[in-house]
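Shown next: target_29.cif, containing mmCIF, C-alpha atoms and all ligand atoms.
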```
data_run
#
loop_
_atom_site.label_atom_id
_atom_site.label_comp_id
_atom_site.auth_asym_id
_atom_site.auth_seq_id
_atom_site.Cartn_x
_atom_site.Cartn_y
_atom_site.Cartn_z
CA MET A 1 21.84 -35.48 25.84
CA ASN A 2 24.57 -36.81 23.58
CA ALA A 3 22.95 -36.72 20.14
CA VAL A 4 25.53 -38.98 18.51
CA ASN A 5 25.05 -41.86 20.95
CA ASP A 6 21.36 -41.38 21.50
CA SER A 7 19.50 -44.37 20.05
CA ARG A 8 16.42 -42.15 19.74
CA GLN A 9 18.34 -40.20 17.14
CA ASN A 10 18.71 -43.41 15.15
CA PHE A 11 15.01 -44.04 15.39
CA TYR A 12 14.16 -40.75 13.68
CA ALA A 13 16.97 -41.10 11.15
CA GLY A 14 15.63 -44.56 10.28
CA LEU A 15 12.19 -43.14 9.63
CA GLN A 16 13.61 -40.39 7.43
CA GLN A 17 15.50 -43.00 5.43
CA GLY A 18 12.40 -45.17 5.09
CA LEU A 19 10.35 -42.24 3.83
CA GLU A 20 13.09 -41.27 1.40
CA GLY A 21 13.07 -44.84 0.12
CA LEU A 22 9.32 -44.70 -0.48
CA ARG A 23 9.73 -41.45 -2.41
CA GLU A 24 12.54 -42.88 -4.55
CA GLN A 25 10.52 -45.98 -5.43
CA GLY A 26 7.51 -43.85 -6.35
CA LEU A 27 5.52 -45.49 -3.53
CA PHE A 28 5.00 -42.35 -1.45
CA LYS A 29 1.31 -41.45 -1.34
CA PRO A 30 0.69 -37.71 -1.36
CA GLU A 31 -2.72 -36.45 -0.21
CA ARG A 32 -4.76 -34.25 -2.51
CA VAL A 33 -6.37 -31.47 -0.51
CA LEU A 34 -9.95 -30.59 -1.44
CA ALA A 35 -11.45 -27.23 -0.60
CA THR A 36 -15.09 -28.26 -1.04
CA ARG A 37 -17.46 -30.99 0.10
CA GLN A 38 -17.20 -34.36 -1.62
CA GLY A 39 -19.05 -34.67 -4.93
CA ALA A 40 -18.99 -35.35 -8.66
CA GLU A 41 -17.15 -32.07 -9.00
CA VAL A 42 -14.75 -30.71 -6.40
CA LEU A 43 -12.33 -27.81 -6.06
CA SER A 44 -8.73 -28.50 -5.20
CA GLU A 45 -6.94 -26.43 -2.59
CA ASP A 46 -5.38 -24.32 -5.35
CA GLY A 47 -8.78 -23.59 -6.91
CA ARG A 48 -8.74 -26.16 -9.72
CA LYS A 49 -12.16 -27.47 -10.76
CA LEU A 50 -12.05 -31.26 -11.01
CA VAL A 51 -14.45 -34.00 -12.03
CA ASN A 52 -13.96 -36.49 -9.22
CA MET A 53 -13.56 -40.02 -10.51
CA CYS A 54 -11.88 -41.68 -7.54
CA ALA A 55 -14.32 -41.48 -4.63
CA ASN A 56 -16.20 -44.45 -3.16
CA ASN A 57 -19.19 -42.12 -3.43
CA TYR A 58 -21.08 -44.60 -5.63
CA LEU A 59 -24.56 -43.21 -5.01
CA GLY A 60 -23.40 -39.59 -4.82
CA LEU A 61 -24.72 -39.21 -1.27
CA ALA A 62 -21.59 -37.86 0.44
CA GLY A 63 -22.23 -34.28 -0.58
CA GLU A 64 -26.05 -34.37 -0.67
CA ALA A 65 -27.85 -31.68 1.31
CA TRP A 66 -30.69 -33.98 2.47
CA VAL A 67 -28.18 -36.42 3.95
CA ALA A 68 -26.38 -33.66 5.83
CA GLN A 69 -29.77 -32.35 7.01
CA ALA A 70 -30.71 -35.77 8.38
CA ALA A 71 -27.38 -35.77 10.23
CA ALA A 72 -28.09 -32.25 11.55
CA LYS A 73 -31.52 -33.29 12.79
CA ALA A 74 -30.02 -36.21 14.74
CA LEU A 75 -27.27 -33.92 16.00
CA ASP A 76 -29.95 -31.62 17.31
CA GLN A 77 -32.00 -34.32 18.96
CA TYR A 78 -29.32 -36.70 20.25
CA GLY A 79 -26.34 -34.38 20.64
CA TYR A 80 -22.78 -34.48 19.39
CA GLY A 81 -21.54 -37.66 21.01
CA LEU A 82 -21.87 -40.07 23.90
CA SER A 83 -18.45 -40.12 25.56
CA SER A 84 -19.03 -43.79 26.16
CA VAL A 85 -18.79 -47.23 24.70
CA ARG A 86 -22.08 -48.87 23.85
CA PHE A 87 -22.46 -51.11 26.93
CA ILE A 88 -21.84 -48.41 29.52
CA CYS A 89 -24.04 -45.49 28.45
CA GLY A 90 -23.44 -45.17 24.71
CA THR A 91 -26.57 -46.75 23.26
CA GLN A 92 -29.39 -44.46 22.16
CA THR A 93 -32.67 -45.32 20.48
CA ILE A 94 -31.17 -44.15 17.19
CA HIS A 95 -28.39 -46.80 17.38
CA LYS A 96 -30.96 -49.53 17.87
CA GLN A 97 -33.05 -48.13 15.01
CA LEU A 98 -30.08 -48.13 12.66
CA GLU A 99 -29.09 -51.68 13.60
CA ALA A 100 -32.64 -52.86 12.94
CA ALA A 101 -32.82 -50.96 9.64
CA LEU A 102 -29.50 -52.39 8.42
CA ALA A 103 -30.53 -55.94 9.34
CA LYS A 104 -33.79 -55.50 7.46
CA PHE A 105 -32.07 -53.98 4.43
CA LEU A 106 -29.52 -56.81 4.26
CA GLY A 107 -32.00 -59.59 5.06
CA THR A 108 -30.38 -60.77 8.30
CA GLU A 109 -31.73 -61.23 11.83
CA ASP A 110 -29.60 -58.66 13.58
CA CYS A 111 -26.77 -56.16 13.19
CA ILE A 112 -24.07 -54.50 15.31
CA LEU A 113 -22.46 -51.10 14.65
CA TYR A 114 -18.75 -50.29 14.75
CA ALA A 115 -16.74 -47.10 14.31
CA ALA A 116 -15.51 -48.44 10.94
CA ALA A 117 -15.70 -51.53 8.75
CA PHE A 118 -12.02 -51.96 9.56
CA ASP A 119 -13.12 -52.53 13.17
CA ALA A 120 -16.00 -54.78 12.15
CA ASN A 121 -13.54 -57.05 10.31
CA GLY A 122 -10.94 -56.68 13.03
CA GLY A 123 -13.40 -57.81 15.70
CA VAL A 124 -15.45 -60.49 13.99
CA PHE A 125 -13.21 -63.59 14.00
CA GLU A 126 -11.63 -63.77 17.44
CA PRO A 127 -14.88 -63.99 19.44
CA LEU A 128 -16.42 -66.63 17.15
CA PHE A 129 -13.57 -68.98 16.18
CA ASP A 130 -10.63 -70.63 17.95
CA GLU A 131 -7.81 -73.10 17.27
CA ASN A 132 -10.31 -75.86 16.52
CA ASP A 133 -11.69 -73.90 13.58
CA ALA A 134 -10.64 -72.97 10.02
CA ILE A 135 -10.87 -69.66 8.19
CA ILE A 136 -10.66 -70.08 4.43
CA SER A 137 -9.82 -66.72 2.94
CA ASP A 138 -9.49 -65.34 -0.62
CA ALA A 139 -5.85 -64.34 -1.26
CA LEU A 140 -6.84 -60.79 -2.23
CA ASN A 141 -9.15 -60.06 0.70
CA HIS A 142 -9.04 -56.59 2.23
CA ALA A 143 -6.29 -55.70 4.73
CA SER A 144 -8.81 -55.45 7.56
CA ILE A 145 -9.88 -59.09 7.02
CA ILE A 146 -6.25 -60.18 7.00
CA ASP A 147 -5.64 -58.31 10.28
CA GLY A 148 -8.82 -59.70 11.83
CA VAL A 149 -7.80 -63.26 10.95
CA ARG A 150 -4.36 -62.64 12.48
CA LEU A 151 -5.98 -61.72 15.80
CA CYS A 152 -7.79 -65.05 15.90
CA LYS A 153 -6.38 -68.47 16.81
CA ALA A 154 -8.20 -70.34 14.04
CA GLU A 155 -6.08 -72.03 11.38
CA ARG A 156 -5.91 -69.97 8.19
CA PHE A 157 -6.30 -71.49 4.73
CA ARG A 158 -5.78 -69.18 1.76
CA TYR A 159 -7.30 -69.88 -1.65
CA GLN A 160 -6.11 -68.35 -4.92
CA HIS A 161 -8.07 -65.23 -5.73
CA ASN A 162 -11.55 -66.00 -7.05
CA ASN A 163 -10.45 -69.57 -7.86
CA MET A 164 -13.25 -72.00 -7.03
CA ALA A 165 -11.17 -75.11 -7.74
CA ASP A 166 -8.58 -73.98 -5.23
CA LEU A 167 -11.29 -73.03 -2.74
CA GLU A 168 -12.49 -76.62 -2.92
CA VAL A 169 -8.93 -77.90 -2.37
CA GLN A 170 -8.64 -75.71 0.73
CA LEU A 171 -12.04 -76.84 2.02
CA GLN A 172 -10.81 -80.43 1.74
CA ALA A 173 -7.57 -79.51 3.52
CA ALA A 174 -9.64 -78.00 6.35
CA ALA A 175 -11.88 -81.07 6.62
CA GLY A 176 -10.67 -82.05 10.10
CA LYS A 177 -11.56 -78.72 11.64
CA ARG A 178 -14.67 -78.16 13.78
CA ASN A 179 -16.15 -75.01 12.20
CA LYS A 180 -15.10 -73.78 8.77
CA ILE A 181 -15.84 -70.33 7.37
CA ILE A 182 -15.19 -69.09 3.84
CA VAL A 183 -14.37 -65.37 3.79
CA THR A 184 -14.38 -63.11 0.75
CA ASP A 185 -14.83 -59.51 -0.30
CA GLY A 186 -18.19 -59.33 -2.08
CA VAL A 187 -16.53 -57.04 -4.61
CA PHE A 188 -12.76 -56.58 -4.92
CA SER A 189 -11.96 -52.90 -5.10
CA MET A 190 -8.88 -52.94 -7.37
CA ASP A 191 -10.51 -54.86 -10.24
CA GLY A 192 -14.23 -54.49 -9.61
CA THR A 193 -14.34 -58.30 -9.59
CA VAL A 194 -17.55 -59.69 -8.12
CA ALA A 195 -17.07 -62.78 -5.95
CA GLN A 196 -18.83 -65.89 -7.29
CA LEU A 197 -21.14 -66.19 -4.33
CA ASP A 198 -23.47 -68.69 -6.00
CA LYS A 199 -20.59 -71.14 -6.43
CA ILE A 200 -19.13 -70.27 -3.04
CA CYS A 201 -22.46 -71.01 -1.33
CA ASP A 202 -22.75 -74.34 -3.19
CA LEU A 203 -19.26 -75.32 -2.04
CA ALA A 204 -20.12 -74.18 1.48
CA ASP A 205 -23.15 -76.49 1.43
CA LYS A 206 -21.08 -79.39 0.12
CA TYR A 207 -18.44 -78.99 2.87
CA GLN A 208 -20.70 -77.65 5.62
CA ALA A 209 -18.84 -74.36 5.83
CA LEU A 210 -20.14 -70.97 6.89
CA VAL A 211 -19.82 -67.98 4.52
CA MET A 212 -18.80 -64.40 5.33
CA ILE A 213 -18.71 -61.50 2.85
CA ASP A 214 -17.29 -57.99 3.17
CA GLU A 215 -19.72 -55.74 1.33
CA CYS A 216 -17.92 -52.39 1.50
CA HIS A 217 -17.99 -51.96 -2.29
CA ALA A 218 -21.50 -53.39 -2.73
CA THR A 219 -24.03 -52.36 -0.08
CA GLY A 220 -26.52 -49.89 -1.51
CA PHE A 221 -26.13 -50.62 -5.21
CA MET A 222 -25.29 -54.23 -6.08
CA GLY A 223 -28.30 -56.43 -6.85
CA ARG A 224 -31.73 -55.57 -8.18
CA THR A 225 -32.68 -53.45 -5.16
CA GLY A 226 -29.18 -52.54 -4.02
CA ARG A 227 -28.96 -54.97 -1.09
CA GLY A 228 -25.54 -56.17 -2.13
CA THR A 229 -23.57 -58.94 -3.79
CA HIS A 230 -25.75 -61.59 -2.14
CA GLU A 231 -28.76 -60.14 -3.95
CA HIS A 232 -26.77 -59.80 -7.18
CA HIS A 233 -26.01 -63.54 -7.06
CA ASP A 234 -29.39 -64.51 -5.67
CA VAL A 235 -28.00 -66.02 -2.45
CA MET A 236 -29.74 -63.82 0.12
CA GLY A 237 -30.36 -65.97 3.19
CA ARG A 238 -27.38 -68.24 2.43
CA ILE A 239 -24.71 -65.88 3.79
CA ASP A 240 -23.91 -66.25 7.49
CA ILE A 241 -22.02 -63.02 8.18
CA ILE A 242 -22.00 -59.71 6.30
CA THR A 243 -19.64 -56.87 7.16
CA GLY A 244 -19.89 -53.45 5.56
CA THR A 245 -19.30 -49.73 5.82
CA LEU A 246 -21.34 -46.56 6.19
CA GLY A 247 -18.36 -44.70 4.76
CA LYS A 248 -18.80 -45.48 1.06
CA ALA A 249 -22.06 -45.71 -0.90
CA LEU A 250 -24.28 -45.29 2.19
CA GLY A 251 -23.29 -41.68 2.79
CA GLY A 252 -19.54 -41.55 3.11
CA ALA A 253 -19.00 -40.32 6.66
CA MET A 254 -17.73 -43.29 8.63
CA GLY A 255 -18.92 -46.30 10.55
CA GLY A 256 -19.17 -50.01 9.94
CA PHE A 257 -21.36 -52.96 10.79
CA THR A 258 -21.65 -56.72 11.02
CA ALA A 259 -24.97 -58.36 10.18
CA ALA A 260 -25.79 -61.98 10.98
CA LYS A 261 -28.00 -64.27 13.06
CA LYS A 262 -28.98 -63.06 16.54
CA GLU A 263 -26.61 -65.33 18.46
CA VAL A 264 -23.63 -64.18 16.38
CA ILE A 265 -24.42 -60.52 17.01
CA GLU A 266 -25.10 -61.12 20.69
CA MET A 267 -21.73 -62.82 21.12
CA LEU A 268 -20.00 -59.96 19.28
CA ARG A 269 -21.62 -57.45 21.66
CA GLN A 270 -20.17 -59.47 24.57
CA ARG A 271 -16.72 -60.20 23.19
CA SER A 272 -15.73 -58.15 20.13
CA ARG A 273 -12.87 -55.94 21.26
CA PRO A 274 -13.26 -52.97 18.84
CA TYR A 275 -16.92 -52.82 20.00
CA LEU A 276 -16.24 -53.19 23.72
CA PHE A 277 -13.26 -50.86 23.93
CA SER A 278 -14.04 -48.08 21.46
CA ASN A 279 -16.49 -45.22 21.45
CA THR A 280 -20.04 -45.47 20.17
CA LEU A 281 -20.87 -44.21 16.66
CA ALA A 282 -21.85 -40.50 16.63
CA PRO A 283 -25.65 -40.13 16.55
CA SER A 284 -25.51 -37.72 13.58
CA ILE A 285 -24.06 -40.54 11.47
CA CYS A 286 -26.86 -42.85 12.62
CA GLY A 287 -29.47 -40.27 11.62
CA ALA A 288 -28.04 -39.76 8.16
CA SER A 289 -27.61 -43.52 7.60
CA LEU A 290 -31.24 -44.13 8.58
CA ALA A 291 -32.41 -41.52 6.08
CA VAL A 292 -30.25 -43.11 3.38
CA LEU A 293 -31.55 -46.64 4.04
CA ASN A 294 -35.09 -45.31 4.04
CA LYS A 295 -34.55 -43.67 0.64
CA LEU A 296 -32.84 -46.74 -0.85
CA SER A 297 -35.70 -48.95 0.33
CA GLN A 298 -38.25 -46.74 -1.41
CA THR A 299 -36.62 -46.30 -4.79
CA THR A 300 -33.85 -47.85 -6.87
CA GLU A 301 -33.39 -44.60 -8.79
CA LEU A 302 -29.83 -43.90 -7.60
CA ARG A 303 -28.70 -47.48 -8.07
CA ASP A 304 -30.23 -47.51 -11.56
CA ARG A 305 -28.53 -44.25 -12.50
CA LEU A 306 -25.19 -45.56 -11.22
CA HIS A 307 -25.42 -48.67 -13.40
CA ALA A 308 -26.53 -46.64 -16.44
CA ASN A 309 -23.57 -44.27 -15.94
CA THR A 310 -21.23 -47.22 -15.51
CA SER A 311 -22.36 -48.97 -18.73
CA TYR A 312 -22.07 -45.72 -20.65
CA PHE A 313 -18.60 -44.97 -19.35
CA ARG A 314 -17.27 -48.51 -19.84
CA ARG A 315 -18.66 -48.65 -23.41
CA GLU A 316 -17.37 -45.22 -24.50
CA LEU A 317 -13.92 -45.72 -22.97
CA GLY A 318 -13.68 -49.10 -24.72
CA LYS A 319 -14.51 -47.39 -28.05
CA LEU A 320 -11.53 -45.08 -27.51
CA GLY A 321 -9.27 -48.13 -27.50
CA PHE A 322 -8.48 -48.38 -23.81
CA VAL A 323 -8.07 -51.78 -22.20
CA ILE A 324 -10.58 -52.05 -19.38
CA LYS A 325 -10.98 -54.99 -17.03
CA PRO A 326 -14.33 -56.39 -18.11
CA GLY A 327 -17.25 -56.39 -15.70
CA MET A 328 -20.29 -54.43 -14.56
CA HIS A 329 -19.07 -52.77 -11.38
CA PRO A 330 -18.58 -48.96 -11.16
CA VAL A 331 -14.92 -49.62 -10.39
CA VAL A 332 -13.41 -49.34 -13.88
CA PRO A 333 -9.73 -50.34 -13.99
CA VAL A 334 -8.08 -48.77 -17.05
CA MET A 335 -5.00 -50.88 -17.69
CA LEU A 336 -1.75 -49.03 -18.44
CA TYR A 337 0.57 -51.88 -17.23
CA ASP A 338 3.55 -49.57 -16.66
CA ALA A 339 3.88 -47.97 -13.19
CA GLN A 340 5.46 -44.73 -14.42
CA LEU A 341 2.88 -44.37 -17.17
CA ALA A 342 0.09 -44.81 -14.60
CA GLN A 343 1.57 -42.00 -12.49
CA LYS A 344 2.07 -39.73 -15.49
CA TYR A 345 -1.41 -40.47 -16.74
CA ALA A 346 -3.06 -39.58 -13.44
CA GLN A 347 -1.02 -36.37 -13.28
CA ARG A 348 -1.93 -35.37 -16.85
CA MET A 349 -5.59 -36.11 -16.16
CA TYR A 350 -5.37 -33.88 -13.10
CA GLU A 351 -4.07 -31.06 -15.29
CA LEU A 352 -6.98 -31.71 -17.63
CA GLY A 353 -9.44 -31.38 -14.73
CA ILE A 354 -10.06 -35.04 -13.87
CA LEU A 355 -9.28 -36.44 -10.44
CA LEU A 356 -8.27 -40.11 -10.43
CA THR A 357 -5.58 -42.31 -8.95
CA GLY A 358 -2.84 -44.47 -10.44
CA PHE A 359 -2.11 -47.82 -8.81
CA SER A 360 1.00 -49.91 -9.23
CA TYR A 361 2.94 -52.64 -7.46
CA PRO A 362 2.61 -53.64 -4.60
CA VAL A 363 -1.04 -52.51 -4.49
CA VAL A 364 -1.67 -54.44 -7.73
CA PRO A 365 0.50 -57.22 -9.26
CA MET A 366 3.76 -56.31 -11.02
CA GLY A 367 3.14 -55.21 -14.63
CA GLN A 368 -0.56 -54.57 -13.92
CA ALA A 369 -0.36 -50.82 -13.24
CA ARG A 370 -3.53 -48.91 -13.94
CA VAL A 371 -5.63 -45.88 -13.26
CA ARG A 372 -8.85 -46.74 -11.48
CA VAL A 373 -12.04 -44.88 -12.31
CA GLN A 374 -14.99 -45.01 -9.93
CA VAL A 375 -18.27 -43.98 -11.50
CA SER A 376 -20.96 -42.33 -9.38
CA ALA A 377 -24.71 -41.91 -9.75
CA SER A 378 -24.10 -38.20 -9.31
CA HIS A 379 -21.93 -37.85 -12.44
CA SER A 380 -23.81 -36.03 -15.18
CA LEU A 381 -23.36 -37.23 -18.77
CA GLU A 382 -21.56 -33.95 -19.42
CA GLN A 383 -19.06 -34.73 -16.65
CA LEU A 384 -18.54 -38.27 -17.92
CA ASP A 385 -17.98 -36.89 -21.42
CA ARG A 386 -15.46 -34.40 -20.05
CA ALA A 387 -13.59 -37.31 -18.44
CA LEU A 388 -13.75 -39.34 -21.68
CA HIS A 389 -12.42 -36.39 -23.64
CA ALA A 390 -9.52 -36.01 -21.22
CA PHE A 391 -8.80 -39.74 -21.41
CA LYS A 392 -8.63 -39.43 -25.18
CA GLN A 393 -6.33 -36.42 -25.09
CA ALA A 394 -3.99 -37.87 -22.47
CA GLY A 395 -4.06 -41.13 -24.42
CA GLN A 396 -2.91 -39.37 -27.58
CA GLU A 397 -0.19 -37.49 -25.72
CA LEU A 398 1.16 -40.42 -23.71
CA GLY A 399 0.24 -43.35 -25.94
CA ILE A 400 -2.71 -45.64 -25.23
CA PRO A 401 -1.40 -49.07 -24.32
CA LYS A 402 -2.78 -51.99 -26.26
CA LYS A 403 -3.38 -55.28 -24.55
CA PRO A 404 0.06 -56.92 -24.30
CA GLU A 405 0.66 -60.19 -26.15
CA VAL A 406 0.54 -63.16 -23.81
C1 LIG B 501 -13.03 -49.59 2.62
C2 LIG B 501 -13.03 -51.01 3.01
C3 LIG B 501 -12.99 -51.41 4.36
C4 LIG B 501 -12.84 -50.40 5.47
O1 LIG B 501 -13.98 -49.63 5.61
P1 LIG B 501 -14.01 -48.43 6.67
O2 LIG B 501 -15.42 -48.32 7.11
O3 LIG B 501 -13.51 -47.23 5.95
O4 LIG B 501 -13.10 -48.82 7.78
C5 LIG B 501 -13.06 -52.76 4.66
N1 LIG B 501 -13.17 -53.68 3.68
C6 LIG B 501 -13.20 -53.34 2.38
C7 LIG B 501 -13.34 -54.40 1.33
C8 LIG B 501 -13.11 -52.00 2.00
O5 LIG B 501 -13.12 -51.67 0.71
#
```
In structure tokens, what does this structure look like?
Ligand SMILES: *Cc1c(COP(=O)(O)O)cnc(C)c1O
Amino acid sequence: MNAVNDSRQNFYAGLQQGLEGLREQGLFKPERVLATRQGAEVLSEDGRKLVNMCANNYLGLAGEAWVAQAAAKALDQYGYGLSSVRFICGTQTIHKQLEAALAKFLGTEDCILYAAAFDANGGVFEPLFDENDAIISDALNHASIIDGVRLCKAERFRYQHNNMADLEVQLQAAAGKRNKIIVTDGVFSMDGTVAQLDKICDLADKYQALVMIDECHATGFMGRTGRGTHEHHDVMGRIDIITGTLGKALGGAMGGFTAAKKEVIEMLRQRSRPYLFSNTLAPSICGASLAVLNKLSQTTELRDRLHANTSYFRRELGKLGFVIKPGMHPVVPVMLYDAQLAQKYAQRMYELGILLTGFSYPVVPMGQARVRVQVSASHSLEQLDRALHAFKQAGQELGIPKKPEV
């Protein structure tokens, strides 16, 4: 092999250069290594005790013993895995039970499981819509929705984020199409913004469009009984398709789902590629998810505690002079505006025993850098106070940004 002329050599050199570029621009994402199970408090690999304020563990279930025990019971009864896709020999009673329980919880006719919500979104559009149809998508929708839309031949219309006037313009632009579907995240994870589903459903009625929501940051705790953003906005029964994850509030392992009318789900079982060509969900995850849904249907205690913790944290952080994106969601974006400051802030907080993440361009718009806090039902007041204290100290050391003049 002649290394100099070998184009494979160039391939690897190109990758090295690309990675170096990411590092130089401060865009390289290192991975924090935890030595414990997920929870309100974790130990880092080097033995540092940290209050965890950046997990999607909204209800605190990821590290709960009773959830793991429910998984262990299913593991015992149904085994480790199926070595099959669903339609060959990968469907057990527990998969059907979970699909029925999810449909009931969400208020839909039926439900289909996937290995991840990324797959649910990736496989939902192509079997249901074609070039005669229109998909009208919020500009800030999750990457998996964007990829799913790309795999489908329908014409894409994009409306400005959360902008109902522009949504209406796009609905008018799509007027000639056969089927129209409006697609939005129920809650947007960078800002904690809640989609205006009441207005979206009214516009959908006016223009005879279907509505799809991605409930990954909502299922289990949004709305009076935790059903999701559709309950929060009182539009249960007016949403055509709901996608969501088992990997966040509902226990944190992995797995996703699509919930909708029977004929939608039946068609997805026939045609959705990530369902047809990927392995069935492990039965232990089904067992734990069933136990979680059962608990959440009996009591709103966890959801209530999450919202109480969130109000407390938002209020106290505001008192310290931080600029927080207003709202009610447990995603609390603390605005620092400057990318380097956001990095430094997250690092200083880590030293002070608080785990959180800084986000800057291109994940959020230029000049909108921030650290994002995610409150959990499992945070004790003492842990929240520890985080607030660290925020104050780091704020004094690094300077708390005031809202910039506009
Ligand atoms: C996390 C997330 C997903 C992906 O969920 P997985 O089950 O982890 O694949 C999809 N959509 C949104 C809005 C998310 O936040």
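For the atom pair formed by CA of Leu317 in chain A and CA of Gly353 in chain A, the distance is 17.1 Å, given to one decimal.
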Using the file's own x, y and z axes, so that the box edges lie along x, y and z, what centre and edge lengths in Å (one decimal) does a box around every listed atom of ligand LIG 501 (chain B) get when 6 Å is added on each side? Give it as AutoDock Vina command-line options.
```
--center_x -14.1 --center_y -50.8 --center_z 4.2 --size_x 14.6 --size_y 19.2 --size_z 19.1
```
Work out how far atom O1 of ligand LIG 501 (chain B) is from CA of Gly244 in chain A, in Å to one decimal. 7.0 Å
For ligand LIG 501 (chain B), return the neighbouring residues as an MDAnalysis selection string (distance at most 6 Å; only C-alpha atoms and all ligand atoms). chainID A and resid 116:118 142 144 185 214 216:217 245 247 254:256
Can you work out which one of A:Ala288, A:Ile354, A:Ala394, A:Leu388 has the shortest atom-to-atom distance to Leu320 in chain A, counting only C-alpha atoms?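 Closest residue, counting only C-alpha atoms: A:Leu388.
CA of Leu140 in chain A lies 8.4 Å from CA of Thr184 in chain A.
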Which is closer to Pro330 in chain A than all the others in A:Glu231, A:Glu266, A:Asp191, A:Glu215, using only C-alpha atoms?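 Residue with the minimum atom-to-atom distance to Pro330 in chain A: A:Asp191.
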With only C-alpha atoms counted and 9 Å as the cut-off, give the residues of range 197-311 of chain A in contact with range 51-75 of chain A, each with its shortest interatomic distance in Å and the pair that gives it, as a Markdown table.
```
| residue | atom | partner | partner_atom | distance |
| --- | --- | --- | --- | --- |
| A:His217 | CA | A:Asn56 | CA | 7.8 |
| A:Gly220 | CA | A:Leu59 | CA | 7.8 |
| A:Phe221 | CA | A:Leu59 | CA | 7.6 |
| A:Gly247 | CA | A:Asn56 | CA | 8.2 |
| A:Lys248 | CA | A:Asn56 | CA | 5.1 |
| A:Ala249 | CA | A:Tyr58 | CA | 5.0 |
| A:Leu250 | CA | A:Leu61 | CA | 7.0 |
| A:Gly251 | CA | A:Ala62 | CA | 4.8 |
| A:Gly252 | CA | A:Ala62 | CA | 5.0 |
| A:Ala253 | CA | A:Ala62 | CA | 7.2 |
| A:Ala282 | CA | A:Leu75 | CA | 8.5 |
| A:Pro283 | CA | A:Ala74 | CA | 6.1 |
| A:Ser284 | CA | A:Ala71 | CA | 4.3 |
| A:Ile285 | CA | A:Ala71 | CA | 5.9 |
| A:Cys286 | CA | A:Ala71 | CA | 7.5 |
| A:Gly287 | CA | A:Ala74 | CA | 5.1 |
| A:Ala288 | CA | A:Ala71 | CA | 4.5 |
| A:Ser289 | CA | A:Val67 | CA | 8.0 |
| A:Leu290 | CA | A:Ala70 | CA | 8.4 |
| A:Ala291 | CA | A:Ala70 | CA | 6.4 |
| A:Val292 | CA | A:Val67 | CA | 7.0 |
| A:Leu302 | CA | A:Leu59 | CA | 5.9 |
| A:Arg303 | CA | A:Leu59 | CA | 6.7 |
| A:Arg305 | CA | A:Leu59 | CA | 8.5 |
| A:Leu306 | CA | A:Leu59 | CA | 6.7 |
```
Among listed residues A:Lys325, A:Met349, A:Gly148, A:Ser189, nearest Val363 in chain A (using all atoms listed in the file):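 Once distances to Val363 in chain A are computed over all atoms listed in the file, the minimum belongs to A:Ser189.
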Counting all atoms listed in the file, closest pick from A:Gly90, A:Gly192, A:Gly176, A:Gly21 relative to Val331 in chain A is A:Gly192
Using all atoms listed in the file: which of A:Met164, A:Leu341, A:Ile181, A:Val364 has the shortest distance to Gln196 in chain A: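 Using all atoms listed in the file, the shortest distance to Gln196 in chain A belongs to A:Met164.
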How would you write as a PyMOL selection string the residues that get within 10 Å of (-12.5, -49.5, 21.8) in the file's frame, counting only C-alpha atoms? chain A and resi 84-86+114-115+119+272-280
Distance criterion (all atoms listed in the file): nearest to Ile200 in chain A out of A:Met222, A:Phe157, A:Leu106, A:Asp138: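 Ranked by minimum distance to Ile200 in chain A, first place goes to A:Asp138.
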Find the spatial neighbours of Met366 in chain A, counting all atoms listed in the file, within a cut-off of 12 Å - ignore same-chain residues fewer than 5 positions away - and output them as a list in words. Leu336, Tyr337, Asp338, Ala339, Phe359, Ser360 and Tyr361 of chain A
Please list as an MDAnalysis selection string every residue within 9 Å of Thr310 in chain A, counting all atoms listed in the file and excluding residues in the same chain fewer than 3 positions away. chainID A and resid 305:307 313:315 328:332 374:377
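Within 10 Å of Arg178 in chain A, once all atoms listed in the file are used and residues closer than 3 positions along the same chain are dropped, the contacting residues are A:Phe129, A:Asp130, A:Glu131, A:Asn132, A:Asp133, A:Ala134, A:Ala174, A:Ala175, A:Ala209.
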Your completed range 207-211 of chain A with N, CA, C and O atoms, as a PDB file, in the coordinates of the input:
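Produced file rebuild11.pdb, reproduced below:
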```
ATOM      1  N   TYR A 207     -19.425 -78.727   1.807  1.00  0.00           N
ATOM      2  CA  TYR A 207     -18.440 -78.990   2.870  1.00  0.00           C
ATOM      3  C   TYR A 207     -18.877 -78.477   4.235  1.00  0.00           C
ATOM      4  O   TYR A 207     -18.079 -78.391   5.160  1.00  0.00           O
ATOM      5  N   GLN A 208     -20.147 -78.131   4.352  1.00  0.00           N
ATOM      6  CA  GLN A 208     -20.700 -77.650   5.620  1.00  0.00           C
ATOM      7  C   GLN A 208     -19.871 -76.511   6.218  1.00  0.00           C
ATOM      8  O   GLN A 208     -19.482 -76.554   7.397  1.00  0.00           O
ATOM      9  N   ALA A 209     -19.581 -75.532   5.364  1.00  0.00           N
ATOM     10  CA  ALA A 209     -18.840 -74.360   5.830  1.00  0.00           C
ATOM     11  C   ALA A 209     -19.786 -73.162   5.944  1.00  0.00           C
ATOM     12  O   ALA A 209     -20.817 -73.106   5.272  1.00  0.00           O
ATOM     13  N   LEU A 210     -19.435 -72.238   6.809  1.00  0.00           N
ATOM     14  CA  LEU A 210     -20.140 -70.970   6.890  1.00  0.00           C
ATOM     15  C   LEU A 210     -19.582 -70.034   5.815  1.00  0.00           C
ATOM     16  O   LEU A 210     -18.498 -70.288   5.275  1.00  0.00           O
ATOM     17  N   VAL A 211     -20.301 -68.945   5.516  1.00  0.00           N
ATOM     18  CA  VAL A 211     -19.820 -67.980   4.520  1.00  0.00           C
ATOM     19  C   VAL A 211     -19.893 -66.572   5.092  1.00  0.00           C
ATOM     20  O   VAL A 211     -20.911 -66.184   5.672  1.00  0.00           O
TER      21      VAL A 211
END
```
